[in-house]
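Pasting input37.txt here (compact mmCIF, C-alpha atoms):
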# COMPACT_ATOMS: atom_id res chain seq x y z
CA MET A 9 -1.59 29.51 -18.17
CA PRO A 10 0.77 26.76 -16.92
CA LEU A 11 2.28 27.19 -13.50
CA GLU A 12 5.73 26.45 -14.81
CA ILE A 13 7.37 26.76 -18.18
CA ALA A 14 10.41 25.00 -19.59
CA LEU A 15 12.71 27.80 -20.73
CA GLY A 16 15.66 26.15 -22.40
CA ASP A 17 15.28 22.98 -20.32
CA ALA A 18 15.09 24.96 -17.10
CA LEU A 19 11.69 24.98 -15.47
CA VAL A 20 10.79 28.54 -14.51
CA PRO A 21 7.58 29.72 -12.91
CA GLY A 22 5.02 30.96 -15.43
CA MET A 23 4.85 34.07 -13.27
CA LEU A 24 8.28 35.09 -14.58
CA LEU A 25 6.87 35.48 -18.09
CA VAL A 26 3.99 37.53 -16.74
CA TYR A 27 6.55 39.71 -14.97
CA LEU A 28 8.54 40.26 -18.16
CA GLY A 29 5.36 40.99 -20.11
CA CYS A 30 4.30 43.56 -17.52
CA LEU A 31 7.71 45.26 -17.78
CA LEU A 32 7.15 45.60 -21.53
CA VAL A 33 3.66 47.02 -21.03
CA LEU A 34 5.00 49.39 -18.40
CA TRP A 35 7.67 50.59 -20.81
CA ALA A 36 4.98 51.23 -23.45
CA VAL A 37 2.75 53.06 -20.96
CA ASP A 38 5.70 55.09 -19.74
CA THR A 39 6.60 56.11 -23.30
CA ILE A 40 3.02 57.15 -24.12
CA VAL A 41 2.51 59.06 -20.88
CA GLY A 42 5.86 60.81 -21.30
CA ARG A 43 5.14 61.63 -24.96
CA TYR A 44 1.90 63.43 -24.20
CA GLY A 45 3.29 65.10 -21.12
CA LEU A 46 0.72 63.54 -18.82
CA TYR A 47 3.27 63.34 -16.03
CA ARG A 48 2.31 66.86 -15.09
CA TYR A 49 -0.86 65.33 -13.54
CA VAL A 50 1.32 63.07 -11.40
CA TRP A 51 2.74 64.02 -8.07
CA HIS A 52 5.74 61.71 -7.94
CA PRO A 53 6.59 60.07 -11.29
CA SER A 54 8.91 57.32 -9.98
CA LEU A 55 6.44 56.24 -7.30
CA PHE A 56 3.69 56.40 -9.92
CA ARG A 57 5.66 54.15 -12.27
CA VAL A 58 6.33 51.57 -9.56
CA ALA A 59 2.65 51.64 -8.54
CA VAL A 60 1.50 51.22 -12.15
CA PHE A 61 3.78 48.24 -12.48
CA PHE A 62 2.31 46.59 -9.40
CA VAL A 63 -1.21 47.27 -10.64
CA LEU A 64 -0.40 45.64 -13.98
CA PHE A 65 1.46 42.71 -12.47
CA GLY A 66 -1.13 42.08 -9.76
CA ALA A 67 -4.04 42.24 -12.17
CA ALA A 68 -2.36 40.03 -14.77
CA GLY A 69 -1.27 37.48 -12.14
CA LEU A 70 -4.70 37.25 -10.55
CA LEU A 71 -6.48 37.02 -13.91
CA LEU A 72 -4.18 34.42 -15.44
CA TYR A 73 -4.03 32.19 -12.35
CA PRO A 74 -7.55 32.07 -11.03
CA MET B 16 -1.02 78.68 2.59
CA LYS B 17 -3.47 77.81 -0.12
CA ILE B 18 -3.56 74.40 -1.77
CA GLN B 19 -3.54 74.57 -5.53
CA PRO B 20 -6.32 72.48 -7.20
CA GLN B 21 -3.72 71.25 -9.65
CA ALA B 22 -1.48 69.97 -6.84
CA LEU B 23 -4.44 68.21 -5.17
CA LEU B 24 -5.31 66.47 -8.43
CA ARG B 25 -1.71 65.37 -8.92
CA PHE B 26 -1.51 64.02 -5.40
CA SER B 27 -4.81 62.20 -5.47
CA ILE B 28 -4.18 60.49 -8.84
CA THR B 29 -0.87 59.19 -7.53
CA ALA B 30 -2.36 58.17 -4.20
CA VAL B 31 -5.21 56.21 -5.84
CA VAL B 32 -2.81 54.37 -8.11
CA VAL B 33 -0.50 53.57 -5.19
CA ILE B 34 -3.37 52.27 -3.04
CA VAL B 35 -4.68 50.08 -5.86
CA ALA B 36 -1.13 48.81 -6.38
CA LEU B 37 -0.82 47.94 -2.69
CA VAL B 38 -4.15 46.09 -2.64
CA LEU B 39 -3.42 44.14 -5.82
CA GLY B 40 0.13 43.36 -4.76
CA HIS B 41 -1.06 42.04 -1.42
CA ALA B 42 -3.79 39.95 -3.08
CA LEU B 43 -1.28 38.46 -5.53
CA TRP B 44 1.13 37.66 -2.72
CA ARG B 45 -1.58 35.90 -0.73
CA HIS B 46 -2.74 34.07 -3.80
CA TYR B 47 0.75 32.89 -4.62
CA MET B 48 1.49 31.86 -1.04
CA TYR B 49 -1.72 30.08 -0.21
CA SER B 50 -3.19 28.76 -3.44
CA PRO B 51 -2.82 24.99 -3.21
CA TRP B 52 -0.32 23.89 -5.77
CA THR B 53 3.06 22.28 -5.57
CA ARG B 54 5.86 21.31 -7.88
CA ASP B 55 6.94 18.68 -5.43
CA GLY B 56 4.81 15.69 -6.35
CA ARG B 57 6.04 12.14 -6.68
CA ILE B 58 4.45 9.25 -8.49
CA ARG B 59 4.41 6.17 -6.34
CA ALA B 60 3.18 2.63 -6.72
CA GLU B 61 2.66 -0.40 -4.60
CA VAL B 62 5.65 -2.69 -4.88
CA ILE B 63 5.44 -6.37 -4.07
CA ARG B 64 8.69 -7.99 -3.06
CA ILE B 65 8.50 -11.45 -4.51
CA ALA B 66 10.12 -14.07 -2.30
CA PRO B 67 9.92 -17.84 -2.77
CA ASP B 68 7.95 -19.88 -0.26
CA ILE B 69 10.48 -22.73 -0.42
CA SER B 70 14.23 -22.89 -0.80
CA GLY B 71 16.11 -24.41 -3.67
CA LEU B 72 18.06 -23.94 -6.86
CA VAL B 73 16.51 -21.73 -9.52
CA THR B 74 16.10 -23.76 -12.70
CA ARG B 75 14.08 -21.46 -14.94
CA VAL B 76 13.46 -17.72 -15.15
CA PRO B 77 10.80 -17.05 -17.82
CA ALA B 78 10.22 -13.45 -16.67
CA LEU B 79 12.28 -10.72 -18.28
CA ASP B 80 13.34 -7.54 -16.56
CA ASN B 81 10.74 -4.74 -16.96
CA GLN B 82 8.31 -7.19 -18.53
CA GLU B 83 4.59 -6.74 -18.07
CA VAL B 84 3.09 -9.83 -16.47
CA LYS B 85 -0.43 -10.97 -15.79
CA LYS B 86 -1.64 -12.34 -12.48
CA GLY B 87 -0.63 -16.00 -12.27
CA ASP B 88 2.26 -15.87 -14.75
CA VAL B 89 5.35 -17.83 -13.70
CA LEU B 90 8.17 -15.51 -12.64
CA PHE B 91 10.78 -18.12 -11.82
CA GLU B 92 10.92 -21.77 -10.97
CA ILE B 93 12.82 -23.60 -8.25
CA ASP B 94 14.15 -27.11 -8.91
CA PRO B 95 11.07 -29.31 -8.32
CA GLU B 96 12.94 -32.66 -8.21
CA ARG B 97 13.48 -32.63 -4.45
CA PHE B 98 9.84 -31.82 -3.87
CA ARG B 99 8.69 -34.48 -6.31
CA ILE B 100 10.73 -37.02 -4.35
CA ALA B 101 9.28 -35.73 -1.10
CA LEU B 102 5.80 -36.12 -2.56
CA GLN B 103 6.56 -39.72 -3.58
CA GLN B 104 7.83 -40.45 -0.10
CA ALA B 105 4.75 -38.91 1.46
CA GLU B 106 2.53 -40.96 -0.82
CA ALA B 107 4.42 -44.14 0.12
CA ASN B 108 4.02 -43.24 3.78
CA LEU B 109 0.32 -42.76 3.19
CA ALA B 110 0.05 -46.19 1.55
CA ALA B 111 1.94 -47.75 4.46
CA ALA B 112 -0.28 -46.00 6.99
CA LYS B 113 -3.37 -47.18 5.13
CA ALA B 114 -2.07 -50.76 5.13
CA SER B 115 -1.34 -50.68 8.84
CA ALA B 116 -4.79 -49.22 9.48
CA LYS B 117 -6.25 -52.15 7.57
CA ALA B 118 -4.11 -54.60 9.60
CA ALA B 119 -5.26 -52.94 12.82
CA GLY B 120 -8.86 -53.33 11.67
CA ALA B 121 -8.32 -57.04 10.99
CA ASN B 122 -6.62 -57.43 14.37
CA VAL B 123 -9.66 -55.93 16.07
CA ASP B 124 -11.87 -58.49 14.34
CA ALA B 125 -9.60 -61.35 15.41
CA VAL B 126 -9.45 -60.17 18.99
CA LEU B 127 -13.23 -59.76 19.10
CA ALA B 128 -13.69 -63.31 17.77
CA SER B 129 -11.33 -64.69 20.37
CA ALA B 130 -13.17 -62.72 23.08
CA ASN B 131 -16.41 -64.34 21.91
CA ALA B 132 -14.78 -67.78 22.18
CA ARG B 133 -13.61 -66.96 25.71
CA ARG B 134 -17.06 -65.89 26.61
CA ALA B 135 -18.56 -69.13 25.34
CA GLU B 136 -15.97 -71.03 27.34
CA TYR B 137 -16.80 -69.01 30.46
CA ASP B 138 -20.53 -69.64 29.98
CA MET B 139 -19.84 -73.36 29.70
CA ARG B 140 -17.65 -73.45 32.82
CA GLN B 141 -20.12 -71.35 34.74
CA ASP B 142 -23.00 -73.69 33.82
CA GLN B 143 -20.85 -76.67 34.75
CA ALA B 144 -20.02 -75.20 38.13
CA LYS B 145 -23.65 -74.33 38.79
CA ARG B 146 -24.82 -77.85 37.93
CA ARG B 147 -22.19 -79.40 40.18
CA GLN B 148 -23.16 -77.08 42.99
CA GLU B 149 -26.78 -78.18 42.68
CA LEU B 150 -25.75 -81.85 42.86
CA ALA B 151 -23.92 -81.31 46.14
CA ASP B 152 -24.92 -84.78 47.49
CA VAL B 153 -23.49 -86.68 44.50
CA VAL B 154 -20.44 -84.68 43.45
CA PRO B 155 -17.48 -84.60 45.83
CA LYS B 156 -16.50 -81.26 47.28
CA GLU B 157 -13.10 -81.23 45.54
CA GLU B 158 -14.67 -81.55 42.14
CA ARG B 159 -17.13 -78.73 42.92
CA THR B 160 -14.34 -76.42 44.02
CA ASP B 161 -12.35 -77.26 40.87
CA ALA B 162 -15.36 -76.46 38.70
CA LYS B 163 -15.84 -73.14 40.51
CA SER B 164 -12.25 -72.07 40.10
CA SER B 165 -12.09 -73.11 36.46
CA ALA B 166 -15.21 -70.96 35.89
CA ASP B 167 -13.42 -68.08 37.63
CA THR B 168 -10.36 -68.65 35.43
CA ALA B 169 -12.55 -68.65 32.33
CA LEU B 170 -14.08 -65.33 33.49
CA ALA B 171 -10.61 -63.83 33.98
CA ILE B 172 -9.53 -65.04 30.53
CA TRP B 173 -12.68 -63.56 28.98
CA GLN B 174 -12.06 -60.24 30.69
CA GLN B 175 -8.48 -60.32 29.45
CA ALA B 176 -9.73 -60.94 25.93
CA GLN B 177 -12.11 -57.99 26.31
CA ALA B 178 -9.24 -55.78 27.41
CA SER B 179 -7.27 -56.96 24.37
CA GLY B 180 -10.27 -55.96 22.28
CA HIS B 181 -10.16 -52.43 23.68
CA GLN B 182 -6.42 -52.29 23.07
CA ALA B 183 -6.88 -53.42 19.50
CA GLY B 184 -9.59 -50.76 19.00
CA ALA B 185 -7.28 -48.08 20.31
CA ALA B 186 -4.52 -49.34 18.03
CA ARG B 187 -6.90 -49.09 15.08
CA GLU B 188 -7.81 -45.51 15.97
CA GLN B 189 -4.13 -44.72 16.22
CA ALA B 190 -3.55 -46.24 12.78
CA GLU B 191 -6.44 -44.23 11.34
CA ALA B 192 -5.01 -41.02 12.80
CA ALA B 193 -1.67 -41.94 11.23
CA VAL B 194 -3.48 -42.21 7.86
CA VAL B 195 -4.86 -38.68 8.27
CA GLN B 196 -1.39 -37.48 9.25
CA ALA B 197 0.11 -39.11 6.19
CA GLN B 198 -2.60 -37.52 4.03
CA VAL B 199 -1.72 -34.09 5.42
CA ALA B 200 1.93 -34.76 4.67
CA VAL B 201 0.99 -35.62 1.08
CA ASP B 202 -1.03 -32.40 0.76
CA ARG B 203 1.86 -30.39 2.12
CA ALA B 204 4.30 -32.06 -0.26
CA LYS B 205 1.92 -31.23 -3.13
CA LEU B 206 1.73 -27.60 -1.98
CA ASP B 207 5.51 -27.43 -1.81
CA LEU B 208 5.73 -28.87 -5.31
CA GLU B 209 3.21 -26.27 -6.53
CA ARG B 210 5.13 -23.46 -4.87
CA THR B 211 8.29 -24.34 -6.80
CA GLU B 212 6.76 -22.16 -9.48
CA VAL B 213 6.78 -18.61 -8.16
CA ARG B 214 3.86 -16.81 -9.75
CA ALA B 215 2.85 -13.17 -10.07
CA PRO B 216 0.23 -12.31 -7.42
CA VAL B 217 -1.07 -9.28 -9.39
CA ASP B 218 -0.94 -7.73 -12.85
CA GLY B 219 2.18 -5.65 -12.98
CA TYR B 220 5.67 -4.96 -14.12
CA VAL B 221 8.74 -6.97 -13.18
CA THR B 222 11.38 -4.62 -11.86
CA ASN B 223 14.94 -5.11 -10.76
CA LEU B 224 14.94 -8.78 -11.68
CA ASP B 225 17.91 -10.11 -9.79
CA VAL B 226 17.55 -13.83 -10.12
CA ARG B 227 19.46 -16.09 -12.51
CA VAL B 228 19.32 -19.76 -13.39
CA GLY B 229 21.52 -21.54 -10.85
CA ASP B 230 20.98 -19.06 -8.02
CA TYR B 231 20.01 -20.47 -4.68
CA ALA B 232 16.73 -18.92 -3.61
CA ALA B 233 16.10 -19.00 0.12
CA THR B 234 12.66 -19.02 1.69
CA GLY B 235 11.41 -15.53 2.42
CA SER B 236 14.27 -13.56 0.90
CA PRO B 237 12.88 -11.30 -1.86
CA ARG B 238 14.37 -11.85 -5.30
CA LEU B 239 12.56 -9.30 -7.44
CA ALA B 240 10.13 -6.41 -7.22
CA LEU B 241 6.76 -6.51 -8.90
CA ILE B 242 4.94 -3.21 -9.37
CA ASP B 243 1.17 -3.48 -9.28
CA ARG B 244 0.08 -1.81 -12.50
CA HIS B 245 -3.24 -0.62 -11.10
CA SER B 246 -1.77 0.92 -7.98
CA TYR B 247 -0.11 4.09 -9.25
CA TYR B 248 -0.80 7.12 -7.11
CA ILE B 249 0.82 10.44 -6.34
CA TYR B 250 2.14 11.92 -3.16
CA GLY B 251 2.05 15.70 -3.39
CA TYR B 252 4.22 17.36 -0.77
CA PHE B 253 2.23 20.51 0.00
CA GLU B 254 3.53 23.28 2.17
CA GLU B 255 1.58 23.48 5.39
CA THR B 256 0.43 27.02 4.50
CA LYS B 257 -1.52 25.58 1.59
CA LEU B 258 -3.23 22.80 3.51
CA PRO B 259 -6.30 24.79 4.63
CA HIS B 260 -7.24 25.28 1.00
CA LEU B 261 -7.45 21.65 0.01
CA ARG B 262 -9.90 19.02 1.06
CA VAL B 263 -10.31 15.30 0.53
CA GLY B 264 -12.19 14.77 -2.72
CA ASP B 265 -10.94 17.91 -4.48
CA PRO B 266 -10.08 17.34 -8.14
CA VAL B 267 -6.48 18.09 -9.07
CA GLN B 268 -4.63 18.76 -12.27
CA ILE B 269 -1.40 16.81 -12.53
CA ARG B 270 1.41 17.81 -14.85
CA LEU B 271 4.21 15.34 -15.32
CA MET B 272 7.74 16.64 -15.62
CA SER B 273 8.25 14.13 -18.41
CA GLY B 274 6.72 15.68 -21.50
CA GLY B 275 4.38 17.95 -19.59
CA THR B 276 1.61 15.38 -19.82
CA GLU B 277 -1.58 16.51 -18.12
CA LEU B 278 -3.44 14.01 -15.96
CA LYS B 279 -6.46 14.28 -13.74
CA GLY B 280 -6.77 13.08 -10.20
CA ARG B 281 -8.52 13.42 -6.90
CA ILE B 282 -7.29 13.90 -3.35
CA THR B 283 -7.90 10.78 -1.31
CA GLY B 284 -6.17 11.66 1.92
CA VAL B 285 -3.85 13.92 3.86
CA ALA B 286 -1.05 12.49 5.98
CA ARG B 287 -1.70 13.10 9.67
CA GLY B 288 1.91 13.11 10.72
CA ILE B 289 5.45 13.81 9.60
CA THR B 290 8.70 13.51 11.48
CA ASP B 291 9.80 16.53 13.48
CA ARG B 292 13.21 17.12 11.92
CA ASP B 293 14.19 19.69 14.50
CA ASN B 294 14.17 17.29 17.38
CA PRO B 295 16.15 14.11 16.91
CA THR B 296 17.37 12.35 20.01
CA GLY B 297 20.98 13.27 20.57
CA ARG B 298 23.71 11.62 22.60
CA ASP B 299 22.88 10.74 26.21
CA LEU B 300 19.22 10.52 25.13
CA LEU B 301 18.86 14.29 25.30
CA ALA B 302 16.81 16.25 22.82
CA ASP B 303 18.92 17.78 20.05
CA VAL B 304 16.87 20.87 19.26
CA ASN B 305 17.87 22.66 16.11
CA PRO B 306 18.25 26.42 16.58
CA THR B 307 16.18 28.24 13.96
CA PHE B 308 16.10 31.83 12.86
CA ASN B 309 13.58 33.91 14.69
CA TRP B 310 11.93 35.42 11.67
CA VAL B 311 12.52 33.00 8.85
CA ARG B 312 10.36 29.95 9.28
CA LEU B 313 10.29 27.17 6.72
CA ALA B 314 6.91 25.70 5.93
CA GLN B 315 6.99 21.94 6.40
CA ARG B 316 5.80 19.73 3.61
CA VAL B 317 2.91 17.40 4.34
CA PRO B 318 2.21 14.49 1.99
CA VAL B 319 -1.20 14.52 0.33
CA ARG B 320 -2.26 11.34 -1.41
CA ILE B 321 -3.78 11.72 -4.85
CA GLN B 322 -5.46 9.02 -6.83
CA ILE B 323 -4.75 9.18 -10.56
CA ASP B 324 -7.79 8.97 -12.81
CA GLU B 325 -6.72 6.01 -14.99
CA ASP B 326 -8.90 7.12 -17.92
CA SER B 327 -7.04 10.42 -18.12
CA VAL B 328 -3.68 8.75 -18.71
CA PRO B 329 -3.00 9.07 -22.45
CA LYS B 330 -2.00 5.92 -24.31
CA GLY B 331 1.74 5.50 -24.58
CA VAL B 332 2.53 7.59 -21.55
CA ILE B 333 4.87 5.71 -19.26
CA LEU B 334 4.25 6.15 -15.57
CA ALA B 335 7.15 5.15 -13.38
CA ALA B 336 7.22 5.25 -9.63
CA GLY B 337 9.52 8.05 -8.54
CA MET B 338 8.71 10.47 -11.37
CA THR B 339 8.16 14.12 -10.57
CA ALA B 340 4.84 15.89 -11.08
CA SER B 341 3.40 19.32 -10.46
CA ILE B 342 0.04 19.35 -8.79
CA ASP B 343 -2.55 22.08 -8.98
CA VAL B 344 -5.59 21.63 -6.80
CA GLN B 345 -8.54 23.00 -8.66
CA PRO B 346 -10.23 25.71 -6.68
CA ARG B 347 -13.51 24.90 -5.09
CA ARG B 348 -15.50 27.03 -7.54
CA VAL B 349 -14.36 24.79 -10.41
CA LEU B 350 -15.72 21.86 -8.46
CA ASP B 351 -18.99 23.66 -7.86
CA LYS B 352 -19.28 24.52 -11.55
CA GLU B 353 -18.80 20.86 -12.45
CA ARG B 354 -21.54 19.94 -10.05
CA GLU B 355 -23.93 22.43 -11.59
CA GLN B 356 -23.38 21.29 -15.16
CA PRO B 357 -25.06 17.84 -15.07
CA GLN B 358 -28.31 19.32 -13.76
As structure tokens, how would this structure be written, given the file I've shared?
Amino acid sequence: MPLEIALGDALVPGMLLVYLGCLLVLWAVDTIVGRYGLYRYVWHPSLFRVAVFFVLFGAAGLLLYP
Amino acid sequence: MKIQPQALLRFSITAVVVIVALVLGHALWRHYMYSPWTRDGRIRAEVIRIAPDISGLVTRVPALDNQEVKKGDVLFEIDPERFRIALQQAEANLAAAKASAKAAGANVDAVLASANARRAEYDMRQDQAKRRQELADVVPKEERTDAKSSADTALAIWQQAQASGHQAGAAREQAEAAVVQAQVAVDRAKLDLERTEVRAPVDGYVTNLDVRVGDYAATGSPRLALIDRHSYYIYGYFEETKLPHLRVGDPVQIRLMSGGTELKGRITGVARGITDRDNPTGRDLLADVNPTFNWVRLAQRVPVRIQIDEDSVPKGVILAAGMTASIDVQPRRVLDKEREQPQ
């Protein structure tokens, strides 16, 4: 994964794409969890969502940029 | 109050996810802050400022701007006529000096011959005087005294001739030294004549050619820049927070801003000093300390010199000094893996 990506002639950090990807994944996870009503096993849904995002983003970032 | 098992489960699931998120977030932050890479790399090259060794009018400029030249190619030529004339003069001087050395040699011979004649004369007079002295009863006293003094005169004349001999020898040595001097002048004139052609000292590229036919080129004032084609290197300006994670010899991945070309390289050195920008000397020679924020501190950039692996430069890629590059220092484990592979 390159450290920087030319996005319409502007160099942006590759991390930005990872961030956007993680938002998409989070949206998918959120939809699935909401659909099956699994939020009843969660104490604080907003905090849970933020934490899940950081887990995704941290794991993806560390795996893609060793 | 009794805790519901359901509530405990809900709380612990959330807590675990939050803790994992905190750990991963912190790890990513550290990784991003301290992993040694920079987007602030500059390609640099050694530039030779070509200046003529002699002054004169420029008569020929065979080099073109941005042309690739080989070591020894003529870059421009200064009017050689003056130096040719100087060489002729020096050669004439040398011939004259040689002739006068020859004359001095002949003079020495002549003076030595005359000294020999004087010596013979002195011997004769001395013998005469001695004989007359022995015949004291027959020869009158006046005649004996005359003979003695003429022998003394002959001795003085001989000694004078000897002194002239020494003088002539010294004059010959002087003339010989003048020959050597004239020879040196000839060599120098030849060197000057050679230096009218300004040649490329290395293989490289002519840059900023600012010399035209008819210009007056003065000794020592640079007229064009020549970039050594084998001297390209990169200065990566790494934040000081990243410095502990790079070492001399680490392989690096270089990505040029132009076309995203990937090159390989190796760290060859870390600068051991940069200017302290917060402390210039102000008026009255007092320190002019820049007030900074208490909590926001900017990491300084320290130049790290990187040697480009010439084999990794693809054909057709143009490297120009001043281009921007991103530099990613390969982590140590990549290096270790490379080391394991050949075994």
Name the residues within 10 Å of (0.2, 29.0, -4.3), counting all atoms listed in the file in the file's coordinates, and put them as a PyMOL selection string. (chain A and resi 11+73) or (chain B and resi 43-53+253-254+256-257+260+343-344)
Hey, can you spit out that residue selection with C-alpha atoms as a short mmCIF file (atom, residue, chain, number, x, y, z; two decimals), in the coordinates of the input?
data_model
loop_
_atom_site.label_atom_id
_atom_site.label_comp_id
_atom_site.auth_asym_id
_atom_site.auth_seq_id
_atom_site.Cartn_x
_atom_site.Cartn_y
_atom_site.Cartn_z
CA LEU A 11 2.28 27.19 -13.50
CA TYR A 73 -4.03 32.19 -12.35
CA LEU B 43 -1.28 38.46 -5.53
CA TRP B 44 1.13 37.66 -2.72
CA ARG B 45 -1.58 35.90 -0.73
CA HIS B 46 -2.74 34.07 -3.80
CA TYR B 47 0.75 32.89 -4.62
CA MET B 48 1.49 31.86 -1.04
CA TYR B 49 -1.72 30.08 -0.21
CA SER B 50 -3.19 28.76 -3.44
CA PRO B 51 -2.82 24.99 -3.21
CA TRP B 52 -0.32 23.89 -5.77
CA THR B 53 3.06 22.28 -5.57
CA PHE B 253 2.23 20.51 0.00
CA GLU B 254 3.53 23.28 2.17
CA THR B 256 0.43 27.02 4.50
CA LYS B 257 -1.52 25.58 1.59
CA HIS B 260 -7.24 25.28 1.00
CA ASP B 343 -2.55 22.08 -8.98
CA VAL B 344 -5.59 21.63 -6.80
#
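Ranking B:Leu79, B:Val217, B:Leu241, B:Leu271 by their shortest atom-to-atom distance to chain A, with only C-alpha atoms included, puts B:Leu271 first.
Counting all atoms listed in the file, every residue of chain B that comes within 9 Å of chain A is listed here: Gln21, Ala22, Leu23, Leu24, Arg25, Phe26, Ser27, Ile28, Thr29, Ala30, Val32, Val33, Ile34, Val35, Ala36, Leu37, Val38, Leu39, Gly40, His41, Ala42, Leu43, Trp44, His46, Trp52, Arg54, Ser341, Asp343 and Pro346 of chain B.
Our summary of the geometry notes that CA of Gln82 (chain B) is positioned 15.5 Å from CA of Val213 (chain B).
Distances here use all atoms listed in the file; by that measure, the residue among B:Ala66, B:Gln104, B:Ala60, B:Trp310 closest to Lys205 (chain B) is B:Gln104.
Here CA of Ile282 (chain B) is placed at a distance of 25.8 Å from CA of Val20 (chain A).
Take CA of Ala193 (chain B) and CA of Glu209 (chain B): the distance between them is 24.2 Å.
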Tell me, as an mmCIF file with C-alpha atoms, in the frame of the given file, which residues lie within 6 Å of Gly71 (chain B), counting all atoms listed in the file; anything in the same chain fewer than 3 positions away does not count.
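And here's around12.cif as it stands now:
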data_model
loop_
_atom_site.group_PDB
_atom_site.id
_atom_site.type_symbol
_atom_site.label_atom_id
_atom_site.label_comp_id
_atom_site.auth_asym_id
_atom_site.auth_seq_id
_atom_site.Cartn_x
_atom_site.Cartn_y
_atom_site.Cartn_z
ATOM 1 C CA ILE B 93 12.820 -23.600 -8.250
ATOM 2 C CA TYR B 231 20.010 -20.470 -4.680
ATOM 3 C CA ALA B 232 16.730 -18.920 -3.610
#
Might you pull out every residue within 9 Å of Asp94 (chain B), with only C-alpha atoms counted and same-chain residues fewer than 6 positions away left off, and present them as a short mmCIF file (atom, residue, chain, number, x, y, z; two decimals) with C-alpha atoms, in the frame of the given file?
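See around_28.cif below for the written result:
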data_model
loop_
_atom_site.label_atom_id
_atom_site.label_comp_id
_atom_site.auth_asym_id
_atom_site.auth_seq_id
_atom_site.Cartn_x
_atom_site.Cartn_y
_atom_site.Cartn_z
CA GLY B 71 16.11 -24.41 -3.67
CA LEU B 72 18.06 -23.94 -6.86
CA VAL B 73 16.51 -21.73 -9.52
CA THR B 74 16.10 -23.76 -12.70
CA ARG B 75 14.08 -21.46 -14.94
CA THR B 211 8.29 -24.34 -6.80
CA GLU B 212 6.76 -22.16 -9.48
#
If I put a ball of radius 9 Å at (-11.4, -68.8, 30.6) in the file's coordinates, which residues poke into it when counting all atoms listed in the file, written as a PDB file with C-alpha atoms, in the coordinates of the input?
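Once written, selection08.pdb looks like this:
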ATOM      1  CA  ARG B 133     -13.610 -66.960  25.710  1.00  0.00           C
ATOM      2  CA  ARG B 134     -17.060 -65.890  26.610  1.00  0.00           C
ATOM      3  CA  ALA B 135     -18.560 -69.130  25.340  1.00  0.00           C
ATOM      4  CA  GLU B 136     -15.970 -71.030  27.340  1.00  0.00           C
ATOM      5  CA  TYR B 137     -16.800 -69.010  30.460  1.00  0.00           C
ATOM      6  CA  ARG B 140     -17.650 -73.450  32.820  1.00  0.00           C
ATOM      7  CA  SER B 165     -12.090 -73.110  36.460  1.00  0.00           C
ATOM      8  CA  ALA B 166     -15.210 -70.960  35.890  1.00  0.00           C
ATOM      9  CA  ASP B 167     -13.420 -68.080  37.630  1.00  0.00           C
ATOM     10  CA  THR B 168     -10.360 -68.650  35.430  1.00  0.00           C
ATOM     11  CA  ALA B 169     -12.550 -68.650  32.330  1.00  0.00           C
ATOM     12  CA  LEU B 170     -14.080 -65.330  33.490  1.00  0.00           C
ATOM     13  CA  ALA B 171     -10.610 -63.830  33.980  1.00  0.00           C
ATOM     14  CA  ILE B 172      -9.530 -65.040  30.530  1.00  0.00           C
ATOM     15  CA  TRP B 173     -12.680 -63.560  28.980  1.00  0.00           C
ATOM     16  CA  GLN B 174     -12.060 -60.240  30.690  1.00  0.00           C
TER      17      GLN B 174
END
